Amino acid sequence: MVEYTRRHPVWLHIGPGNIFRAHIAMLQQKLLDMGECKGGIIAAAPNNREIIDKIYAPHDNLSVLVRMHGNGQMDKEVIASIAESLAMVPTDEDWQRLLAIAADRELAIISFTITEKGYKTKDDNGMWLEAVQKDLAEGPQKANSFAGKLTALLLHRFNAGGVPVTLLSLDNCAHNGDVLREMVLQVAGAWRKQNYVSDAFVEYVSRKISYPCSMIDKITPRPSGYVRDLLLKDNLEDMDFVKSSRGGWYAPFVNAEKTEYLVIEDNFANGRPPLEKAGVIFTDRETVDKVEQMKVGTCLNPLHTALAIFGCLLGYESIAAEMKDEDLRALVERIGYQEGLPVVENPKVLEPKAFLKECIEQRFPNPYIPDTPQRIACDTSQKLPVRFGNTVRAYRDSAQLDIRNLQGISLVYAGWLRYLLGIDDKGEKFAPNADPLLAAMQEKLRGIKPGHLEHVHERLNEILEQEELWGCDLHKAGLAKMVEDDFICMLSGAGAVRRTLHKLSA
């Protein structure tokens, strides 16, 4: 398989982290096991060599997948579909290999799991990121940002004959194919203005390359010490964790839930493996959009965000433990069943109510999934408009729905503002997780703390009108006063967060 893949590189994946190994690489493993294909996947790290040198290379690109069932059963399987692992570092010899792969006519797919932040070319003020701006000025030969390096690989493919290829984002963000396309076109367009590339290259990346949208779903938390100890008892060796310089945790194994979904727009420019035989749902873009909105905007991600915020405030260290809390369970049930489902359009390929029920009754309560509210609480400012904005706008624009019924979403918005104060429900300080707007938001809330409510209305007045933060102006939507009232309730002293939550569930 390894030798075949080197001679026939069909699939290159960028972003070889946990979700890739637990889900995407296992899809190809299934095809190999069934005899449906001969080649594997080439994995590439987008920024540095850390995961390649510390995880992939020492274990011959093999990993162990541990599927964790709610009853304690654990299925263990070797992931052996990764034929080669490389680093996207232009000064490294791997770069020459990546250029050769990019030029190969048989390359059909370049897929990505680089997180939503990986596609960013500009900061929150609309200014080019420094590394991207440098690439735009210096051209493809000196590209060093991710956006620049990817576009440079595509330029090399264009110069080698311009065979079409599919760029497939498998990241958990809305309209991920469009986001990826926009990133590539921004770089290509800027290079065209500087005469680094031709009009024909811009035409190639805009018309000859396809950028399907997708929806991926599988909870794949950081490696578990419990799982590591079990593998050591099975006589596996060198199972230690590695923390990357970018904050990610990796191990020679991946622990994940059993449940998984992958829905992809069937728009491939140069063919694809028969992944439907491994469980992938191929459909049209409209259906992918509906599935993505169902999952990201109603049935899973909003509930995760709610649990993350209140889990940190109430001192929980696992999502499963939170689901035993009657107040928190009532909150996510209200957000999902009562507030979200009325505005979800059924995508047909997955049934929303059944999907939601599976999350609340099976997936979130699984005590063997070591997922934490602290992990999920990262970058919440970037998630709020995506996970709740569509529901709020739907209520705002509906003649039949009353926005005053969004008591759960209002409480989550207020809970996030309360979380930003860095004081838990016992009155003890904690460090809020990394967020690009953390410092700015904390400055806007400066001086507000439990028992000190001076200027709350004035401070929140400005914050709640920010459409980019909430998905719409909450004053105009009619939700601002509810958020402010909930926020004030949670500032009345120790235990106020719990009392406010309980009042909603009572």
# chains A, B, ... in the order shown; residues from 1 in each chain; ligands from 1

$ select_by_dssp --residues "stretch 82-245 of chain A" --states "helix (DSSP H, G or I)" --output "ChimeraX atom specification"
/A:94-103,116-119,130-138,140-142,146-159,176-193,199-208,225-233

$ residues_around --residues "A:Tyr119" --least-positions-apart "6" --cutoff "10 Å" --atoms "only C-alpha atoms" --output "PyMOL selection string"
chain A and resi 146-147+169+171+176+179-184

$ select_by_dssp --residues "stretch 132-326 of chain A" --states "strand (DSSP E or B)" --output "JSON list (two decimals) with C-alpha atoms, in the first residue's frame"
[["chain", "number", "residue", "atom", "x", "y", "z"],
["A", 166, "THR", "CA", -10.64, 18.94, -5.51],
["A", 167, "LEU", "CA", -9.91, 20.95, -2.37],
["A", 168, "LEU", "CA", -12.09, 19.44, 0.34],
["A", 169, "SER", "CA", -12.45, 21.20, 3.67],
["A", 210, "SER", "CA", -13.76, 22.29, -7.03],
["A", 214, "SER", "CA", -19.07, 19.22, 3.95],
["A", 215, "MET", "CA", -20.39, 18.52, 7.44],
["A", 216, "ILE", "CA", -18.23, 16.41, 9.73],
["A", 217, "ASP", "CA", -19.25, 15.18, 13.17],
["A", 242, "VAL", "CA", 2.84, 15.24, 23.21],
["A", 243, "LYS", "CA", 1.76, 18.85, 23.61],
["A", 249, "TRP", "CA", -2.39, 17.35, 22.52],
["A", 250, "TYR", "CA", -1.47, 14.23, 20.56],
["A", 253, "PHE", "CA", -3.46, 6.64, 19.82],
["A", 254, "VAL", "CA", -6.75, 8.48, 19.35],
["A", 255, "ASN", "CA", -9.71, 8.07, 21.67],
["A", 256, "ALA", "CA", -13.09, 8.98, 20.23],
["A", 257, "GLU", "CA", -16.79, 8.22, 20.38],
["A", 261, "TYR", "CA", -21.19, 11.46, 10.40],
["A", 262, "LEU", "CA", -19.71, 12.89, 7.23],
["A", 263, "VAL", "CA", -21.91, 14.53, 4.59],
["A", 264, "ILE", "CA", -20.17, 15.88, 1.48],
["A", 265, "GLU", "CA", -21.30, 17.81, -1.58],
["A", 281, "ILE", "CA", -23.21, 10.54, 2.61],
["A", 282, "PHE", "CA", -22.78, 12.27, -0.76],
["A", 283, "THR", "CA", -25.45, 14.76, -1.74]]

$ closest_residue --among "A:Val296, A:Cys312, A:Asp266, A:Thr5" --to "A:Val280" --atoms "only C-alpha atoms"
A:Asp266

$ closest_residue --among "A:Thr391, A:Asn144, A:Gln28, A:Gln186" --to "A:Ser81" --atoms "only C-alpha atoms"
A:Gln28

$ residues_around --residues "A:Ile42" --least-positions-apart "5" --cutoff "6 Å" --atoms "only C-alpha atoms" --output "ChimeraX atom specification"
/A:12,82-85

$ atom_distance --atom1 "atom CA of A:Pro436" --atom2 "atom CA of A:Lys149"
24.0 Å

$ closest_residue --among "A:Pro365, A:Pro385, A:Pro221, A:Pro140" --to "A:Cys173" --atoms "only C-alpha atoms"
A:Pro385

$ residues_around --residues "A:Phe158" --least-positions-apart "3" --cutoff "8 Å" --atoms "only C-alpha atoms" --output "PyMOL selection string"
chain A and resi 103+154-155+161-163+201+204

$ write_last_selection --atoms "C-alpha atoms" --output "tab-separated table (two decimals), in the first residue's frame"
chain	number	residue	atom	x	y	z
A	103	ALA	CA	2.11	18.01	-9.85
A	154	LEU	CA	-1.63	24.83	-6.73
A	155	LEU	CA	0.54	27.07	-8.91
A	161	GLY	CA	-0.30	20.82	-16.83
A	162	GLY	CA	-3.19	22.22	-14.84
A	163	VAL	CA	-5.07	18.97	-14.21
A	201	PHE	CA	-3.80	30.62	-13.10
A	204	TYR	CA	-7.60	27.67	-12.97

$ closest_residue --among "A:Ala57, A:Lys208, A:Asp238, A:Leu136" --to "A:Ala188" --atoms "only C-alpha atoms"
A:Leu136

$ closest_residue --among "A:Val291, A:Val497, A:Ile369, A:Leu417" --to "A:Met74" --atoms "only C-alpha atoms"
A:Ile369
